[in-house]
$ cat query35.pdb   # PDB, C-alpha atoms
ATOM      1  CA  MET A  15     -81.609  20.918  22.493
ATOM      2  CA  LEU A  16     -84.207  23.405  23.680
ATOM      3  CA  GLN A  17     -86.131  25.711  21.402
ATOM      4  CA  LEU A  18     -87.451  29.012  22.742
ATOM      5  CA  ARG A  19     -90.862  30.351  21.793
ATOM      6  CA  ASP A  20     -91.716  33.859  22.949
ATOM      7  CA  SER A  21     -95.023  35.702  22.961
ATOM      8  CA  VAL A  22     -94.183  39.179  24.166
ATOM      9  CA  ASP A  23     -96.473  41.925  25.423
ATOM     10  CA  SER A  24     -94.678  45.214  25.571
ATOM     11  CA  ALA A  25     -96.725  46.155  28.600
ATOM     12  CA  GLY A  26     -95.946  42.937  30.459
ATOM     13  CA  THR A  27     -93.604  43.054  33.399
ATOM     14  CA  SER A  28     -93.487  39.540  34.856
ATOM     15  CA  PRO A  29     -91.404  36.957  32.946
ATOM     16  CA  THR A  30     -92.901  34.084  34.954
ATOM     17  CA  ALA A  31     -96.599  34.896  34.974
ATOM     18  CA  LEU A  32     -98.985  32.643  33.003
ATOM     19  CA  LEU A  33    -102.298  33.380  31.382
ATOM     20  CA  ALA A  34    -105.327  32.463  33.361
ATOM     21  CA  ALA A  35    -107.324  29.452  32.251
ATOM     22  CA  GLY A  36    -109.548  30.288  29.288
ATOM     23  CA  GLU A  37    -107.603  33.426  28.327
ATOM     24  CA  GLU A  38    -105.790  33.809  25.038
ATOM     25  CA  VAL A  39    -103.356  36.397  23.832
ATOM     26  CA  GLY A  40    -104.950  38.626  21.201
ATOM     27  CA  ALA A  41    -103.269  40.196  18.213
ATOM     28  CA  GLY A  42    -102.773  43.458  20.055
ATOM     29  CA  GLY A  43    -101.286  41.804  23.108
ATOM     30  CA  GLY A  44    -104.508  41.899  25.175
ATOM     31  CA  SER A  45    -106.657  39.026  26.327
ATOM     32  CA  ALA A  46    -109.287  37.674  23.979
ATOM     33  CA  GLY A  47    -112.781  38.780  24.923
ATOM     34  CA  GLY A  48    -111.495  42.117  26.207
ATOM     35  CA  ALA A  49    -108.910  42.718  28.880
ATOM     36  CA  ARG A  50    -109.735  44.569  32.051
ATOM     37  CA  PRO A  51    -108.622  48.223  31.969
ATOM     38  CA  GLY A  52    -105.349  48.844  33.725
ATOM     39  CA  VAL A  53    -104.416  45.163  33.853
ATOM     40  CA  SER A  54    -101.435  44.310  31.693
ATOM     41  CA  THR A  55    -101.056  41.013  29.854
ATOM     42  CA  PRO A  56     -97.940  39.229  31.203
ATOM     43  CA  LEU A  57     -94.963  38.077  29.179
ATOM     44  CA  ARG A  58     -95.422  34.436  28.256
ATOM     45  CA  GLN A  59     -92.615  32.012  27.429
ATOM     46  CA  THR A  60     -92.913  28.359  26.474
ATOM     47  CA  LEU A  61     -90.001  25.937  26.335
ATOM     48  CA  TRP A  62     -90.132  22.416  24.976
ATOM     49  CA  PRO A  63     -87.490  19.853  23.909
ATOM     50  CA  LEU A  64     -86.739  19.620  20.211
ATOM     51  CA  SER A  65     -86.404  16.007  19.095
ATOM     52  CA  ILE A  66     -84.045  15.305  16.203
ATOM     53  CA  HIS A  67     -84.330  11.946  14.441
ATOM     54  CA  ASP A  68     -81.146  10.695  12.795
ATOM     55  CA  PRO A  69     -81.728   7.392  10.960
ATOM     56  CA  THR A  70     -78.079   6.809  10.019
ATOM     57  CA  ARG A  71     -76.191   3.740  11.268
ATOM     58  CA  ARG A  72     -73.603   5.932  13.007
ATOM     59  CA  ALA A  73     -76.364   7.537  15.073
ATOM     60  CA  ARG A  74     -78.019   4.189  15.864
ATOM     61  CA  VAL A  75     -74.803   2.708  17.264
ATOM     62  CA  LYS A  76     -75.539   4.510  20.545
ATOM     63  CA  GLU A  77     -78.642   2.355  20.985
ATOM     64  CA  TYR A  78     -76.511  -0.767  21.465
ATOM     65  CA  PHE A  79     -75.151  -1.155  24.994
ATOM     66  CA  VAL A  80     -72.090  -3.042  23.765
ATOM     67  CA  PHE A  81     -70.715   0.125  22.114
ATOM     68  CA  ARG A  82     -70.893   2.256  25.239
ATOM     69  CA  PRO A  83     -67.463   3.263  26.584
ATOM     70  CA  GLY A  84     -65.724   0.484  28.501
ATOM     71  CA  THR A  85     -68.496  -2.106  28.009
ATOM     72  CA  ILE A  86     -66.824  -4.365  25.469
ATOM     73  CA  GLU A  87     -63.533  -4.255  27.373
ATOM     74  CA  GLN A  88     -65.231  -5.317  30.609
ATOM     75  CA  ALA A  89     -67.113  -8.119  28.831
ATOM     76  CA  VAL A  90     -63.952  -9.518  27.236
ATOM     77  CA  ASP A  91     -62.063  -9.402  30.540
ATOM     78  CA  GLU A  92     -64.893 -11.251  32.278
ATOM     79  CA  ILE A  93     -65.175 -13.939  29.616
ATOM     80  CA  ARG A  94     -61.431 -14.511  29.687
ATOM     81  CA  ALA A  95     -62.009 -15.911  33.151
ATOM     82  CA  ALA A  96     -64.196 -18.640  31.618
ATOM     83  CA  VAL A  97     -61.283 -19.929  29.528
ATOM     84  CA  ARG A  98     -59.650 -23.073  30.886
ATOM     85  CA  PRO A  99     -55.904 -22.696  30.228
ATOM     86  CA  VAL A 100     -55.180 -26.425  30.372
ATOM     87  CA  GLU A 101     -58.062 -27.552  28.140
ATOM     88  CA  ASP A 102     -58.549 -24.517  25.900
ATOM     89  CA  GLY A 103     -55.067 -23.048  25.660
ATOM     90  CA  ASP A 104     -54.361 -19.407  24.887
ATOM     91  CA  ILE A 105     -56.899 -17.024  23.359
ATOM     92  CA  GLN A 106     -56.202 -16.382  19.668
ATOM     93  CA  GLY A 107     -58.923 -13.815  18.987
ATOM     94  CA  VAL A 108     -62.194 -12.240  20.131
ATOM     95  CA  TRP A 109     -65.109 -11.147  17.916
ATOM     96  CA  LEU A 110     -68.480  -9.508  18.320
ATOM     97  CA  LEU A 111     -70.802 -11.329  15.918
ATOM     98  CA  THR A 112     -74.436 -12.233  15.414
ATOM     99  CA  GLU A 113     -75.458 -15.869  15.717
ATOM    100  CA  VAL A 114     -78.307 -17.057  13.476
ATOM    101  CA  ASP A 115     -80.032 -20.120  14.902
ATOM    102  CA  HIS A 116     -81.813 -22.897  13.014
ATOM    103  CA  TRP A 117     -85.049 -20.858  13.114
ATOM    104  CA  ASN A 118     -83.406 -17.746  11.616
ATOM    105  CA  ASN A 119     -83.359 -15.816  14.917
ATOM    106  CA  GLU A 120     -80.515 -13.329  15.408
ATOM    107  CA  LYS A 121     -78.599 -13.287  18.699
ATOM    108  CA  GLU A 122     -75.759 -11.000  19.741
ATOM    109  CA  ARG A 123     -72.699 -13.038  20.751
ATOM    110  CA  LEU A 124     -69.090 -12.666  21.834
ATOM    111  CA  VAL A 125     -67.017 -15.367  20.127
ATOM    112  CA  LEU A 126     -63.565 -16.475  21.251
ATOM    113  CA  VAL A 127     -61.142 -18.739  19.401
ATOM    114  CA  THR A 128     -58.495 -20.422  21.554
ATOM    115  CA  ASP A 129     -55.826 -22.978  20.753
ATOM    116  CA  GLN A 130     -58.254 -25.864  21.287
ATOM    117  CA  ALA A 131     -61.804 -24.504  21.439
ATOM    118  CA  LEU A 132     -64.452 -22.218  20.014
ATOM    119  CA  LEU A 133     -66.313 -20.356  22.765
ATOM    120  CA  VAL A 134     -69.698 -18.804  21.961
ATOM    121  CA  CYS A 135     -70.723 -16.493  24.790
ATOM    122  CA  LYS A 136     -74.138 -15.084  25.552
ATOM    123  CA  TYR A 137     -73.402 -11.838  27.380
ATOM    124  CA  ASP A 138     -75.900  -9.405  28.878
ATOM    125  CA  PHE A 139     -74.420  -6.000  28.062
ATOM    126  CA  LEU A 140     -77.078  -4.268  30.156
ATOM    127  CA  SER A 141     -76.393  -5.996  33.474
ATOM    128  CA  LEU A 142     -72.780  -6.733  32.462
ATOM    129  CA  ARG A 143     -72.744 -10.459  33.158
ATOM    130  CA  CYS A 144     -72.008 -13.610  31.198
ATOM    131  CA  GLU A 145     -75.106 -15.799  31.034
ATOM    132  CA  GLN A 146     -73.901 -18.795  29.013
ATOM    133  CA  VAL A 147     -70.802 -20.173  27.303
ATOM    134  CA  VAL A 148     -70.990 -22.893  24.654
ATOM    135  CA  ARG A 149     -67.664 -24.678  24.148
ATOM    136  CA  VAL A 150     -66.895 -26.543  20.918
ATOM    137  CA  ALA A 151     -63.633 -28.495  20.595
ATOM    138  CA  LEU A 152     -61.794 -27.423  17.456
ATOM    139  CA  SER A 153     -60.616 -30.989  16.897
ATOM    140  CA  ALA A 154     -64.292 -31.994  16.445
ATOM    141  CA  VAL A 155     -65.012 -29.387  13.745
ATOM    142  CA  ASP A 156     -65.270 -31.115  10.353
ATOM    143  CA  THR A 157     -66.816 -28.483   8.044
ATOM    144  CA  VAL A 158     -66.617 -24.698   7.703
ATOM    145  CA  SER A 159     -69.038 -23.316   5.110
ATOM    146  CA  CYS A 160     -69.337 -19.760   3.821
ATOM    147  CA  GLY A 161     -71.961 -18.325   1.505
ATOM    148  CA  GLU A 162     -75.337 -16.691   1.136
ATOM    149  CA  PHE A 163     -78.450 -18.007   2.850
ATOM    150  CA  ARG A 164     -80.963 -20.308   1.222
ATOM    151  CA  PHE A 165     -84.468 -21.319   2.316
ATOM    152  CA  PRO A 166     -86.885 -24.013   1.098
ATOM    153  CA  PRO A 167     -88.696 -23.178  -2.198
ATOM    154  CA  LYS A 168     -92.026 -22.319  -0.543
ATOM    155  CA  SER A 169     -90.544 -20.477   2.422
ATOM    156  CA  LEU A 170     -91.644 -16.929   3.221
ATOM    157  CA  ASN A 171     -88.287 -16.170   4.859
ATOM    158  CA  LYS A 172     -85.515 -14.141   3.316
ATOM    159  CA  ARG A 173     -82.034 -13.157   4.487
ATOM    160  CA  GLU A 174     -79.442 -11.197   2.565
ATOM    161  CA  GLY A 175     -75.696 -11.125   3.034
ATOM    162  CA  LEU A 176     -73.049 -13.736   3.748
ATOM    163  CA  GLY A 177     -72.677 -16.053   6.698
ATOM    164  CA  ILE A 178     -70.298 -18.672   8.033
ATOM    165  CA  ARG A 179     -71.381 -22.038   9.460
ATOM    166  CA  ILE A 180     -69.204 -24.214  11.691
ATOM    167  CA  GLN A 181     -70.291 -27.845  11.788
ATOM    168  CA  TRP A 182     -69.150 -30.732  13.954
ATOM    169  CA  ASP A 183     -70.226 -34.373  14.287
ATOM    170  CA  LYS A 184     -70.676 -34.591  10.514
ATOM    171  CA  GLN A 185     -72.437 -37.953  10.535
ATOM    172  CA  SER A 186     -75.161 -36.648  12.852
ATOM    173  CA  ARG A 187     -78.266 -34.859  11.579
ATOM    174  CA  PRO A 188     -80.615 -33.003  13.955
ATOM    175  CA  SER A 189     -83.684 -35.031  14.777
ATOM    176  CA  PHE A 190     -87.123 -33.968  13.585
ATOM    177  CA  ILE A 191     -87.968 -32.719  17.081
ATOM    178  CA  ASN A 192     -84.802 -30.626  17.324
ATOM    179  CA  ARG A 193     -85.225 -29.139  13.842
ATOM    180  CA  TRP A 194     -88.778 -28.001  14.568
ATOM    181  CA  ASN A 195     -88.172 -26.878  18.142
ATOM    182  CA  PRO A 196     -87.201 -23.164  18.032
ATOM    183  CA  TRP A 197     -85.603 -23.384  21.504
ATOM    184  CA  SER A 198     -83.551 -26.513  20.858
ATOM    185  CA  THR A 199     -79.805 -26.194  21.371
ATOM    186  CA  ASN A 200     -79.048 -29.785  20.327
ATOM    187  CA  VAL A 201     -77.963 -28.813  16.809
ATOM    188  CA  PRO A 202     -74.460 -29.850  15.594
ATOM    189  CA  TYR A 203     -73.591 -26.528  13.986
ATOM    190  CA  THR A 204     -73.561 -22.799  14.607
ATOM    191  CA  THR A 205     -73.956 -19.966  12.099
ATOM    192  CA  PHE A 206     -72.645 -16.411  12.283
ATOM    193  CA  ILE A 207     -73.102 -13.163  10.379
ATOM    194  CA  GLU A 208     -71.615  -9.720  10.962
ATOM    195  CA  HIS A 209     -73.039  -7.542  13.719
ATOM    196  CA  PRO A 210     -75.577  -4.961  12.383
ATOM    197  CA  MET A 211     -73.268  -2.127  13.464
ATOM    198  CA  ALA A 212     -70.095  -3.666  12.028
ATOM    199  CA  GLY A 213     -67.767  -1.006  10.681
ATOM    200  CA  VAL A 214     -69.616   1.916  12.276
ATOM    201  CA  ASP A 215     -67.633   2.247  15.495
ATOM    202  CA  GLU A 216     -63.945   2.643  14.669
ATOM    203  CA  LYS A 217     -62.746   1.367  18.049
ATOM    204  CA  THR A 218     -64.541  -1.969  17.696
ATOM    205  CA  ALA A 219     -64.399  -2.373  13.894
ATOM    206  CA  SER A 220     -61.799  -5.144  14.087
ATOM    207  CA  LEU A 221     -64.006  -7.128  16.497
ATOM    208  CA  CYS A 222     -66.830  -7.369  13.944
ATOM    209  CA  GLN A 223     -64.951  -8.603  10.878
ATOM    210  CA  LEU A 224     -66.425 -11.908   9.762
ATOM    211  CA  GLU A 225     -63.676 -12.584   7.214
ATOM    212  CA  SER A 226     -60.875 -12.314   9.782
ATOM    213  CA  PHE A 227     -62.845 -14.626  12.089
ATOM    214  CA  LYS A 228     -63.157 -17.200   9.316
ATOM    215  CA  ALA A 229     -59.451 -17.080   8.432
ATOM    216  CA  LEU A 230     -58.211 -17.455  11.995
ATOM    217  CA  LEU A 231     -60.800 -20.140  12.815
ATOM    218  CA  ILE A 232     -59.768 -22.354   9.888
ATOM    219  CA  GLN A 233     -56.120 -21.948  10.805
ATOM    220  CA  ALA A 234     -56.823 -22.804  14.460
ATOM    221  CA  VAL A 235     -58.931 -25.860  13.529
ATOM    222  CA  LYS A 236     -56.197 -27.274  11.280
ATOM    223  CA  LYS A 237     -53.576 -26.762  13.966
ATOM    224  CA  ALA A 238     -55.730 -28.308  16.723
ATOM    225  CA  GLN A 239     -56.562 -31.362  14.596
ATOM    226  CA  LYS A 240     -52.905 -31.857  13.766
ATOM    227  CA  GLU A 241     -51.841 -31.700  17.411
ATOM    228  CA  ASN A 242     -54.820 -33.551  18.931
ATOM    229  CA  PRO A 243     -56.565 -35.658  16.260
ATOM    230  CA  LEU A 244     -59.745 -37.462  17.244
ATOM    231  CA  PRO A 245     -59.923 -41.244  16.706
ATOM    232  CA  GLY A 246     -61.508 -41.942  13.316
ATOM    233  CA  GLN A 247     -61.389 -38.267  12.313
ATOM    234  CA  ALA A 248     -61.361 -37.673   8.550
ATOM    235  CA  ASN A 249     -58.484 -35.931   6.822
ATOM    236  CA  GLY A 250     -58.736 -32.413   8.197
ATOM    237  CA  VAL A 251     -61.447 -29.792   8.074
ATOM    238  CA  LEU A 252     -63.541 -29.349   4.927
ATOM    239  CA  VAL A 253     -63.849 -25.711   3.787
ATOM    240  CA  LEU A 254     -66.793 -25.070   1.453
ATOM    241  CA  GLU A 255     -68.207 -22.103  -0.444
ATOM    242  CA  HIS A 256     -71.922 -22.775  -0.882
ATOM    243  CA  PRO A 257     -75.357 -21.532   0.300
ATOM    244  CA  LEU A 258     -76.312 -22.016   3.942
ATOM    245  CA  LEU A 259     -79.693 -23.716   4.274
ATOM    246  CA  ILE A 260     -82.174 -22.636   6.962
ATOM    247  CA  GLU A 261     -85.228 -24.898   7.018
ATOM    248  CA  THR A 262     -87.988 -22.510   7.999
ATOM    249  CA  TYR A 263     -91.161 -21.739   6.073
ATOM    250  CA  VAL A 264     -93.401 -19.128   7.718
ATOM    251  CA  GLY A 265     -90.885 -17.588  10.118
ATOM    252  CA  LEU A 266     -93.288 -15.275  11.946
ATOM    253  CA  MET A 267     -91.411 -15.618  15.227
ATOM    254  CA  SER A 268     -88.020 -14.854  13.663
ATOM    255  CA  PHE A 269     -89.501 -11.913  11.739
ATOM    256  CA  ILE A 270     -90.729 -10.320  14.962
ATOM    257  CA  ASN A 271     -87.489 -11.135  16.790
ATOM    258  CA  ASN A 272     -85.210  -9.741  14.091
ATOM    259  CA  GLU A 273     -87.244  -6.639  13.237
ATOM    260  CA  ALA A 274     -87.464  -5.643  16.916
ATOM    261  CA  LYS A 275     -83.796  -6.595  17.508
ATOM    262  CA  LEU A 276     -84.826  -8.700  20.510
ATOM    263  CA  GLY A 277     -81.607 -10.669  20.293
ATOM    264  CA  TYR A 278     -79.506  -7.574  21.071
ATOM    265  CA  SER A 279     -78.901  -5.619  24.272
ATOM    266  CA  MET A 280     -80.106  -2.142  23.336
ATOM    267  CA  THR A 281     -82.382   0.730  24.299
ATOM    268  CA  ARG A 282     -86.056   0.411  23.413
ATOM    269  CA  GLY A 283     -87.777   3.726  24.063
ATOM    270  CA  LYS A 284     -87.773   4.356  27.803
ATOM    271  CA  ILE A 285     -86.624   0.818  28.592
ATOM    272  CA  GLY A 286     -83.666  -1.267  27.588
ATOM    273  CA  PHE A 287     -82.932  -4.984  27.435
TER     274      PHE A 287
END

$ encode --input "query35.pdb" --output "structure tokens"
Amino acid sequence: MLQLRDSVDSAGTSPTALLAAGEEVGAGGGSAGGARPGVSTPLRQTLWPLSIHDPTRRARVKEYFVFRPGTIEQAVDEIRAAVRPVEDGDIQGVWLLTEVDHWNNEKERLVLVTDQALLVCKYDFLSLRCEQVVRVALSAVDTVSCGEFRFPPKSLNKREGLGIRIQWDKQSRPSFINRWNPWSTNVPYTTFIEHPMAGVDEKTASLCQLESFKALLIQAVKKAQKENPLPGQANGVLVLEHPLLIETYVGLMSFINNEAKLGYSMTRGKIGF
């Protein structure tokens, strides 16, 4: 939107002329310090953009590349190519969620549930390319937990809302090195929360529903374990309602990452990543 500001001299004739350097328009339309006789003060017009700040979530949705027209459809079509029909089976559902790692860092993810696998996809919505796919066999999933987040007693971290954690290899616990390495991917579980813009964009609202993801995932895990049980596997998947522990104390890195939304593909001033 442009806003027009006019300073009009009735004697002026040129709509494009500018005041000379050091001259000002006086109250009577003449130049400050006395205008030369017979010389008219020109019409002066100044245009500048009017910036409107809208802090609502509906306005902020445009900052996320994933919600731009056609982006999510192209991403889903591309990731479908990563599905192995023989090993994974048919796709049961696709979701746009936020993954929370073991250091409380948020990361935008496309999540697919197939007949036999859970696919967690890191997709660059700016360059429109799939960067990584983590495949977890549903028959190996032993625990699905849902609840609020909990941190150690002396931790400075805090996270509100509900999450869902999918755990496999129940007897294994991350080593000390993996727990305290913020870049480690050797952790036998993954945790998801709803996308920050869940429910804002009507066209993609169904893709961001954490509850529907949980329901279909549990159903798919039970079916996969019944059809292809692992040797020594316990009796089915354990579904729990309890707090999700994140063992971080200071959390400076995750605070910066989450406040700046570095785990999302979005505009950041004049740049975007």

$ closest_residue --input "query35.pdb" --among "A:Phe165, A:Phe269, A:Trp117, A:Tyr278" --to "Pro210 in chain A" --atoms "only C-alpha atoms"
A:Tyr278

$ resolve_selection --input "query35.pdb" --expression "the PyMOL selection byres ((chain A and resi 254-263) around 12)" --output "PyMOL selection string"
chain A and resi 114-119+156-181+188+190+192-196+203-207+228+232+251-253+264-269

$ closest_residue --input "query35.pdb" --among "A:Leu140, A:Val108, A:Leu152, A:Val127" --to "Pro243 in chain A" --atoms "all atoms listed in the file"
A:Leu152

$ atom_distance --input "query35.pdb" --atom1 "CA of Arg98 in chain A" --atom2 "CA of Lys121 in chain A"
24.6 Å

$ atom_distance --input "query35.pdb" --atom1 "CA of Lys184 in chain A" --atom2 "CA of Ile93 in chain A"
28.7 Å

$ decode --input "query35.pdb" --residues "range 196-213 of chain A" --atoms "N, CA and C atoms" --output "PDB file, in the first residue's frame"
ATOM      1  N   PRO A 196      24.263 -33.043  20.854  1.00  0.00           N
ATOM      2  CA  PRO A 196      23.048 -32.452  20.251  1.00  0.00           C
ATOM      3  C   PRO A 196      22.821 -32.856  18.809  1.00  0.00           C
ATOM      4  N   TRP A 197      23.858 -33.348  18.117  1.00  0.00           N
ATOM      5  CA  TRP A 197      23.720 -33.733  16.706  1.00  0.00           C
ATOM      6  C   TRP A 197      23.587 -35.243  16.520  1.00  0.00           C
ATOM      7  N   SER A 198      23.517 -35.978  17.604  1.00  0.00           N
ATOM      8  CA  SER A 198      23.422 -37.434  17.501  1.00  0.00           C
ATOM      9  C   SER A 198      22.054 -37.848  16.961  1.00  0.00           C
ATOM     10  N   THR A 199      22.064 -38.806  16.064  1.00  0.00           N
ATOM     11  CA  THR A 199      20.816 -39.364  15.533  1.00  0.00           C
ATOM     12  C   THR A 199      20.628 -40.807  15.995  1.00  0.00           C
ATOM     13  N   ASN A 200      21.543 -41.293  16.819  1.00  0.00           N
ATOM     14  CA  ASN A 200      21.479 -42.674  17.313  1.00  0.00           C
ATOM     15  C   ASN A 200      20.669 -42.725  18.609  1.00  0.00           C
ATOM     16  N   VAL A 201      19.406 -42.342  18.501  1.00  0.00           N
ATOM     17  CA  VAL A 201      18.482 -42.327  19.637  1.00  0.00           C
ATOM     18  C   VAL A 201      17.273 -43.185  19.260  1.00  0.00           C
ATOM     19  N   PRO A 202      16.901 -44.169  20.082  1.00  0.00           N
ATOM     20  CA  PRO A 202      15.847 -45.133  19.698  1.00  0.00           C
ATOM     21  C   PRO A 202      14.422 -44.624  19.896  1.00  0.00           C
ATOM     22  N   TYR A 203      14.187 -43.364  19.620  1.00  0.00           N
ATOM     23  CA  TYR A 203      12.823 -42.846  19.687  1.00  0.00           C
ATOM     24  C   TYR A 203      12.753 -41.539  18.897  1.00  0.00           C
ATOM     25  N   THR A 204      11.543 -41.145  18.578  1.00  0.00           N
ATOM     26  CA  THR A 204      11.314 -39.858  17.930  1.00  0.00           C
ATOM     27  C   THR A 204      10.071 -39.235  18.548  1.00  0.00           C
ATOM     28  N   THR A 205      10.069 -37.907  18.659  1.00  0.00           N
ATOM     29  CA  THR A 205       8.993 -37.192  19.338  1.00  0.00           C
ATOM     30  C   THR A 205       8.414 -36.134  18.415  1.00  0.00           C
ATOM     31  N   PHE A 206       7.088 -36.019  18.409  1.00  0.00           N
ATOM     32  CA  PHE A 206       6.425 -35.064  17.531  1.00  0.00           C
ATOM     33  C   PHE A 206       5.440 -34.195  18.316  1.00  0.00           C
ATOM     34  N   ILE A 207       5.283 -32.964  17.843  1.00  0.00           N
ATOM     35  CA  ILE A 207       4.249 -32.055  18.304  1.00  0.00           C
ATOM     36  C   ILE A 207       3.563 -31.492  17.061  1.00  0.00           C
ATOM     37  N   GLU A 208       2.484 -30.749  17.265  1.00  0.00           N
ATOM     38  CA  GLU A 208       1.805 -30.140  16.121  1.00  0.00           C
ATOM     39  C   GLU A 208       2.650 -29.012  15.535  1.00  0.00           C
ATOM     40  N   HIS A 209       2.489 -28.789  14.244  1.00  0.00           N
ATOM     41  CA  HIS A 209       3.154 -27.684  13.565  1.00  0.00           C
ATOM     42  C   HIS A 209       2.647 -26.359  14.155  1.00  0.00           C
ATOM     43  N   PRO A 210       3.513 -25.326  14.273  1.00  0.00           N
ATOM     44  CA  PRO A 210       3.083 -24.047  14.851  1.00  0.00           C
ATOM     45  C   PRO A 210       1.869 -23.436  14.162  1.00  0.00           C
ATOM     46  N   MET A 211       1.697 -23.698  12.871  1.00  0.00           N
ATOM     47  CA  MET A 211       0.586 -23.128  12.121  1.00  0.00           C
ATOM     48  C   MET A 211      -0.561 -24.115  11.932  1.00  0.00           C
ATOM     49  N   ALA A 212      -0.611 -25.142  12.764  1.00  0.00           N
ATOM     50  CA  ALA A 212      -1.678 -26.141  12.661  1.00  0.00           C
ATOM     51  C   ALA A 212      -3.032 -25.483  12.861  1.00  0.00           C
ATOM     52  N   GLY A 213      -3.956 -25.773  11.969  1.00  0.00           N
ATOM     53  CA  GLY A 213      -5.309 -25.250  12.086  1.00  0.00           C
ATOM     54  C   GLY A 213      -5.517 -23.876  11.488  1.00  0.00           C
TER      55      GLY A 213
END
